[in-house]
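**Q** Got a structure here, written out as structure tokens. Questions coming.
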Amino acid sequence: MSEPDIATRPFGTLVPAMVTPFTADGAVDYKQAAALAAKLVDGGCDGILVTGTTGETPTLTDEENLGMFQAVLDAVGDRARVIAGTGTNDTRHSISLSRRAAALGVHGLLIVTPYYNKPSQAGIQAHFEAIADSTELPVMLYDIPGRTGVPIATETIIRLADHPRITALKDAKADFSATTRVLANTGLDVYSGDDGLTLPLMAAGAVGLVSVSAHVAPQKFRALIDAAAAGDFATARRLHFELDPVIRATMGHVQGAVAVKQILKWQGILPTSVVRLPLVEPDEAEIALIKADLAEAGMEL
């Protein structure tokens, strides 16, 4: 079977998990969200994930989620795929939010494993299938057991791949052997959910990255993904090494949304670095570590 053109993939190939900008008093700043989405697309991103983990979705109301979906759709139009993070640990709630997102015109859904409930694999499978059945949109599974408390077992992923609308996997399990089995036994478009594993996963057949760090260096991540997709692994390896300190800056010291908002403020892209409790902004020691990594990457702030 021939490989599809990466430009036509329903979720894109470089997909920042976009932060949700807040005003100084903590309200969602839809104007800044629209501007940030447009800037990311201008930088080479062909998908935008709205209100995923990095979008602080646990602290957003449904109306705020929907407002973010609309703001990003209005900002980027058809220049990029707009993917709505509509998964919760309540299947009925997830279905309702997914249907409302679909009505707005989003291009796909990211559905995370139900968290806190600790369902069985049968329950996890039923959850994903019920949401996939509820709209006509393609669904990307999001496997991140470090946050949800339970993995999607490889056998469950393989079964879910039979569903006509479950077409992709965001893999944040950091289990290369398990992901190899998924790649070998399904037609899912697999995306690295860990910025630092983009190169090895693409070497095995993944199609791209759902990224936190792409906020900070979208052009370089675009070049990495394009090189890996073209089989130019010498170039991809060089870019992988160059991006390592950027990834450490955004992921190595504080929660990703916290670091990214701080860096975007330093870059003059966002006016505030406000996050919602229980997240807090970085302290002086954490700021020093982030700046040291960015300096290693040659990024002057």
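Here, A, B, ... name the chains of the structure tokens in the order displayed, residue numbers run from 1 inside each chain, and ligands are numbered from 1 in the same displayed order.
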Give me the residues within 7 Å of Ile247 of chain A as a PDB file with C-alpha atoms, in the first residue's frame, counting only C-alpha atoms and dropping any in the same chain fewer than 4 places off.

**A**
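Printed below is selection.pdb as written:
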```
ATOM      1  CA  ASP A 195       8.809  16.272  21.407  1.00  0.00           C
ATOM      2  CA  GLY A 196      12.143  14.582  22.055  1.00  0.00           C
ATOM      3  CA  SER A 213       7.956  23.074  22.033  1.00  0.00           C
ATOM      4  CA  LEU A 243      16.231  21.267  19.255  1.00  0.00           C
ATOM      5  CA  MET A 251       9.405  20.481  29.113  1.00  0.00           C
TER       6      MET A 251
END
```

**Q** Which residues are close to segment 177-191 of chain A, i.e. within 10 Å by only C-alpha atoms, leaving aside same-chain residues fewer than 5 positions away? Reply as a ChimeraX atom specification.

**A** /A:9-15,140-142,153-162,166-172,197-198,201-202,204-211

**Q** Mind checking DSSP for segment 25-237 of chain A and telling me the strand (DSSP E) residues as an NGL selection string?

**A** :A and (47-50 or 81-85 or 108-112 or 139-143 or 166-171 or 189-192 or 208-211)

**Q** Could the residues in this selection be written to a file with N, CA, C and O atoms, as a short mmCIF file (atom, residue, chain, number, x, y, z; two decimals), in the first residue's frame?

**A**
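Full text of result_16.cif as output:
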```cif
data_model
loop_
_atom_site.label_atom_id
_atom_site.label_comp_id
_atom_site.auth_asym_id
_atom_site.auth_seq_id
_atom_site.Cartn_x
_atom_site.Cartn_y
_atom_site.Cartn_z
N GLY A 47 -1.35 21.98 11.50
CA GLY A 47 -2.46 21.62 12.37
C GLY A 47 -2.34 22.41 13.66
O GLY A 47 -1.23 22.80 14.05
N ILE A 48 -3.47 22.68 14.30
CA ILE A 48 -3.47 23.33 15.61
C ILE A 48 -4.39 22.52 16.51
O ILE A 48 -5.58 22.34 16.20
N LEU A 49 -3.84 22.03 17.62
CA LEU A 49 -4.66 21.37 18.63
C LEU A 49 -5.09 22.42 19.64
O LEU A 49 -4.26 23.08 20.27
N VAL A 50 -6.40 22.57 19.79
CA VAL A 50 -6.96 23.60 20.66
C VAL A 50 -7.51 22.95 21.93
O VAL A 50 -8.24 21.96 21.86
N ARG A 81 -5.32 22.35 9.84
CA ARG A 81 -6.36 21.54 10.44
C ARG A 81 -6.56 21.99 11.88
O ARG A 81 -5.59 22.13 12.63
N VAL A 82 -7.79 22.24 12.28
CA VAL A 82 -8.10 22.66 13.64
C VAL A 82 -8.69 21.45 14.38
O VAL A 82 -9.74 20.93 14.00
N ILE A 83 -7.96 21.01 15.40
CA ILE A 83 -8.30 19.79 16.13
C ILE A 83 -8.76 20.19 17.52
O ILE A 83 -8.06 20.92 18.24
N ALA A 84 -9.93 19.73 17.89
CA ALA A 84 -10.53 20.10 19.17
C ALA A 84 -10.24 19.04 20.22
O ALA A 84 -10.52 17.86 20.01
N GLY A 85 -9.70 19.46 21.34
CA GLY A 85 -9.52 18.56 22.48
C GLY A 85 -10.83 18.47 23.25
O GLY A 85 -11.15 19.35 24.06
N GLY A 108 -11.19 17.82 13.30
CA GLY A 108 -10.93 16.54 13.94
C GLY A 108 -10.99 16.68 15.44
O GLY A 108 -11.06 17.80 15.98
N LEU A 109 -10.96 15.55 16.13
CA LEU A 109 -11.06 15.51 17.59
C LEU A 109 -9.85 14.79 18.17
O LEU A 109 -9.43 13.75 17.64
N LEU A 110 -9.33 15.31 19.27
CA LEU A 110 -8.34 14.60 20.09
C LEU A 110 -9.05 14.14 21.34
O LEU A 110 -9.61 14.96 22.08
N ILE A 111 -9.01 12.83 21.60
CA ILE A 111 -9.71 12.26 22.75
C ILE A 111 -8.71 11.55 23.64
O ILE A 111 -8.07 10.58 23.23
N VAL A 112 -8.55 12.05 24.85
CA VAL A 112 -7.61 11.48 25.80
C VAL A 112 -8.24 10.29 26.52
O VAL A 112 -9.47 10.20 26.67
N VAL A 139 -10.93 10.93 14.51
CA VAL A 139 -10.55 10.95 15.92
C VAL A 139 -9.09 10.54 16.06
O VAL A 139 -8.65 9.54 15.47
N MET A 140 -8.37 11.30 16.87
CA MET A 140 -7.02 10.93 17.28
C MET A 140 -7.07 10.48 18.75
O MET A 140 -7.51 11.24 19.62
N LEU A 141 -6.66 9.24 19.00
CA LEU A 141 -6.53 8.76 20.37
C LEU A 141 -5.33 9.44 21.02
O LEU A 141 -4.32 9.69 20.37
N TYR A 142 -5.44 9.69 22.33
CA TYR A 142 -4.33 10.31 23.05
C TYR A 142 -3.97 9.40 24.22
O TYR A 142 -4.72 9.30 25.19
N ASP A 143 -2.82 8.74 24.10
CA ASP A 143 -2.36 7.76 25.08
C ASP A 143 -1.24 8.39 25.91
O ASP A 143 -0.12 8.53 25.43
N ILE A 166 -11.59 6.35 13.76
CA ILE A 166 -10.41 6.43 14.62
C ILE A 166 -9.20 6.22 13.71
O ILE A 166 -8.90 5.10 13.29
N THR A 167 -8.53 7.31 13.37
CA THR A 167 -7.53 7.27 12.31
C THR A 167 -6.13 7.63 12.77
O THR A 167 -5.19 7.53 11.96
N ALA A 168 -5.96 8.05 14.02
CA ALA A 168 -4.65 8.52 14.44
C ALA A 168 -4.44 8.27 15.93
O ALA A 168 -5.39 8.03 16.68
N LEU A 169 -3.18 8.32 16.32
CA LEU A 169 -2.77 8.12 17.71
C LEU A 169 -1.72 9.15 18.07
O LEU A 169 -0.71 9.28 17.38
N LYS A 170 -1.97 9.88 19.15
CA LYS A 170 -0.92 10.69 19.76
C LYS A 170 -0.28 9.84 20.85
O LYS A 170 -0.91 9.52 21.86
N ASP A 171 0.96 9.46 20.63
CA ASP A 171 1.65 8.50 21.48
C ASP A 171 2.56 9.22 22.47
O ASP A 171 3.60 9.75 22.08
N ASP A 189 -2.36 6.84 11.65
CA ASP A 189 -1.33 7.86 11.60
C ASP A 189 -0.84 8.10 13.03
O ASP A 189 -1.61 8.58 13.87
N VAL A 190 0.39 7.74 13.30
CA VAL A 190 0.95 7.87 14.64
C VAL A 190 1.73 9.17 14.73
O VAL A 190 2.53 9.49 13.85
N TYR A 191 1.47 9.90 15.80
CA TYR A 191 2.16 11.16 16.08
C TYR A 191 2.92 11.03 17.38
O TYR A 191 2.39 10.49 18.37
N SER A 192 4.14 11.54 17.39
CA SER A 192 4.86 11.60 18.66
C SER A 192 4.15 12.58 19.57
O SER A 192 3.84 13.71 19.17
N GLY A 208 4.34 12.45 12.24
CA GLY A 208 4.57 13.81 12.69
C GLY A 208 4.54 13.93 14.19
O GLY A 208 4.77 12.97 14.92
N LEU A 209 4.22 15.15 14.65
CA LEU A 209 4.39 15.52 16.05
C LEU A 209 3.23 16.38 16.50
O LEU A 209 2.84 17.34 15.82
N VAL A 210 2.68 16.06 17.67
CA VAL A 210 1.80 16.98 18.40
C VAL A 210 2.66 17.54 19.53
O VAL A 210 3.08 16.81 20.43
N SER A 211 2.92 18.84 19.48
CA SER A 211 4.08 19.41 20.17
C SER A 211 3.74 20.53 21.13
O SER A 211 2.84 21.33 20.87
#
```

**Q** Show me, as a ChimeraX atom specification, the residues that have an atom within 9 Å of Thr272 of chain A when counting only C-alpha atoms, minus same-chain residues fewer than 5 positions from it.

**A** /A:21-24,261-262,264-265

**Q** Which one of A:Leu73, A:Thr86, A:Gln121, A:Ile263 sits closest to Asp293 of chain A if you count only C-alpha atoms?

**A**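 Nearest to Asp293 of chain A: A:Ile263.
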
**Q** Name the residues of segment 31-176 of chain A that come out as helix (DSSP H, G or I) in a backbone DSSP run; write them as number ranges by chain.

**A** A: 31-42, 53-55, 57-59, 62-76, 91-104, 121-134, 145-148, 154-160, 176

**Q** Taking only C-alpha atoms into account, which of A:Arg100, A:Arg165, A:His215, A:Lys291 comes nearest Met18 of chain A?

**A**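 Of all the options, A:His215 lies closest to Met18 of chain A.
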